[in-house]
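Here the structure is laid out as structure tokens; the discussion comes afterwards.
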2 protein chains.
Amino acid sequence: MRSLFHPAIEDVRPETILHALADPNRAAIFAKIMQAGCVEACSAVSAVGDRVIPKSSLSNHFKVLREAGLIRSERHGVEVRNHSRWTEVEARFPGLLAGIINAYASDTGPDARPAEAIRQR
Amino acid sequence: MRSLFHPAIEDVRPETILHALADPNRAAIFAKIMQAGCVEACSAVSAVGDRVIPKSSLSNHFKVLREAGLIRSERHGVEVRNHSRWTEVEARFPGLLAGIINAYASDTGPDARPAEAIRQR
DNA sequence: TCCCATAGTTCGGAACTTCGGAACTAATGG
DNA sequence: CCATTAGTTCCGAAGTTCCGAACTATGGGA
């Protein structure tokens with residue numbers, strides 16, 4: 001397995017972050033990683049709302065979040081632990097993540113709220 | 001020409017806003033509409049940086065911004081005037097737009113900063 | 001050491017989206 | 001009306017996303 005790529009914080013671009021979080025599944029995963037003490041195995045997030053997310057899609061979602069600079073993933077034995085890079089991103093783009101996460105949290109539309117919709121396996 | 005569709009503010013969804021602003025061209029157009037006194041003919045924005053944006057793509061960008069609930073477009077004679085819906089969006093998702101616009105403004109990467117990169121025709 | 005189970009990645013094709021040129025529609029002014 | 005300016009629609013090419021199947025990596029027994 002080749003080692004996981006993480007951009008330096010100065011290479012992180014706003015459009016990439018917005019693109020990553022424009023998907024409600026990914027926003028939910030990111031919100032979950034943050035509130036779950038910033039550590040989370042990929043497989044601990046296997047469904048959002050009622051819908052099961054296939055493994056290959058999940059793997060891709062984590063890759064998008066990682067390459068956007070939003071999370072840091074490290075292999076620990078057989079599993080990968082994901083840490084949010086909130087502090088770094090907040091220092092670079094103050095208020096950006098808070099605005100986005102709050103927007104999803106306050107959204108009461110047809111889809112459930114990402115931060116709460118996620119389910120443990 | 002059929003009349004332009006605008007979502008009610010309560011139908012505006014965070015993922016749609018993020019998707020709309022995840023394109024640096026659209027973010028630049030939106031930033032420009034706001035700082036130019038909230039009124040702007042479509043054709044007043046015809047290039048971002050060095051690249052000329054074709055008319056059909058521009059038309060589509062305005063449509064995406066409109067349907068995301070970010071701008072309001074009205075026909076005035078032969079041209080369309082675009083107003084930002086900042087106040088409404090700010091009331092629904094506080095801090096979201098400010099975070100995004102600041103992120104683009106503070107980005108000093110390879111692409112020029114959207115808020116400044118735009119050019120009058 | 002070899003095999004198994006678990007965790008995650010890659011591949012590849014179908015479905016969807018985006019881009020942009022050409023043709024079209026709409027309003028206004030000779 | 002015809003010309004002009006402003007914007008939209010159409011449609012094909014190129015690119016992206018989704019997800020099942022096959023694959024790779026790691027660790028734990030026997």
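All residue names refer to the structure tokens as shown: chains lettered A, B, ... in order, residues numbered from 1 in each chain, ligands numbered from 1 in order.
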>> When you look at C:DT9 with a cut-off of 9 Å (counting only C-alpha atoms (C1' of nucleotides)), what residues show up, excluding the ones that are within fewer than 6 positions of it in the same chain? I need them as a list in words.
In response: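 Everything that qualifies: Met1, Ser56, Ser59 and Asn60 of chain A; DC23 and DT24 of chain D.
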> Quick one: which residues from chain C are at most 8 Å off chain A, using only C-alpha atoms (C1' of nucleotides), as a list in words?
Replying inline: DT6, DA7, DG8 and DT9 of chain C
Kindly export the residues of the current selection with C-alpha atoms (C1' of nucleotides), as an mmCIF file, in the first residue's frame.
data_model
loop_
_atom_site.group_PDB
_atom_site.id
_atom_site.type_symbol
_atom_site.label_atom_id
_atom_site.label_comp_id
_atom_site.auth_asym_id
_atom_site.auth_seq_id
_atom_site.Cartn_x
_atom_site.Cartn_y
_atom_site.Cartn_z
ATOM 1 C "C1'" DT C 6 -10.123 -7.783 8.502
ATOM 2 C "C1'" DA C 7 -9.425 -3.099 6.529
ATOM 3 C "C1'" DG C 8 -8.830 -0.509 2.827
ATOM 4 C "C1'" DT C 9 -7.523 0.466 -2.234
#
For the interface of chain A with chain B (cut-off 9 Å, counting only C-alpha atoms), please tabulate each contacting residue of chain A alongside its nearest pair of atoms and their separation in Å to one decimal, rows sorted by chain and increasing number, as a tab-separated table.
residue	atom	partner	partner_atom	distance
A:Glu10	CA	B:Gly109	CA	8.2
A:Asp11	CA	B:Gly109	CA	7.3
A:Val12	CA	B:Gly109	CA	8.7
A:Arg13	CA	B:Asp107	CA	7.1
A:Pro14	CA	B:Ala103	CA	6.0
A:Glu15	CA	B:Ala22	CA	4.5
A:Thr16	CA	B:Ala22	CA	7.0
A:Ile17	CA	B:Ala22	CA	7.8
A:Leu18	CA	B:Ala22	CA	5.0
A:His19	CA	B:Ala22	CA	5.2
A:Ala20	CA	B:Ala22	CA	8.8
A:Leu21	CA	B:Leu18	CA	7.2
A:Ala22	CA	B:Glu15	CA	4.5
A:Asp23	CA	B:Glu15	CA	6.2
A:Pro24	CA	B:Glu15	CA	6.4
A:Ala27	CA	B:Glu15	CA	8.9
A:Arg92	CA	B:Ala103	CA	8.0
A:Phe93	CA	B:Ala103	CA	5.1
A:Pro94	CA	B:Gly99	CA	6.8
A:Gly95	CA	B:Gly99	CA	5.0
A:Leu96	CA	B:Gly99	CA	4.1
A:Leu97	CA	B:Gly99	CA	7.6
A:Ala98	CA	B:Leu96	CA	7.8
A:Gly99	CA	B:Leu96	CA	4.1
A:Ile100	CA	B:Leu96	CA	5.7
A:Ile101	CA	B:Leu96	CA	8.8
A:Asn102	CA	B:Phe93	CA	7.3
A:Ala103	CA	B:Phe93	CA	5.1
A:Tyr104	CA	B:Pro14	CA	6.1
A:Ser106	CA	B:Phe93	CA	7.5
A:Asp107	CA	B:Arg13	CA	7.1
A:Gly109	CA	B:Asp11	CA	7.5
Sorted per-residue table, chain D near chain B, closest atoms and distance, 12 Å, only C-alpha atoms (C1' of nucleotides), as JSON lines:
{"residue": "D:DT4", "atom": "C1'", "partner": "B:Val78", "partner_atom": "CA", "distance": 10.8}
{"residue": "D:DT5", "atom": "C1'", "partner": "B:Val78", "partner_atom": "CA", "distance": 7.4}
{"residue": "D:DA6", "atom": "C1'", "partner": "B:Glu79", "partner_atom": "CA", "distance": 5.6}
{"residue": "D:DG7", "atom": "C1'", "partner": "B:Ser59", "partner_atom": "CA", "distance": 7.0}
{"residue": "D:DT8", "atom": "C1'", "partner": "B:Ser59", "partner_atom": "CA", "distance": 7.3}
{"residue": "D:DT9", "atom": "C1'", "partner": "B:Ser56", "partner_atom": "CA", "distance": 9.0}
{"residue": "D:DC10", "atom": "C1'", "partner": "B:Ser56", "partner_atom": "CA", "distance": 10.8}
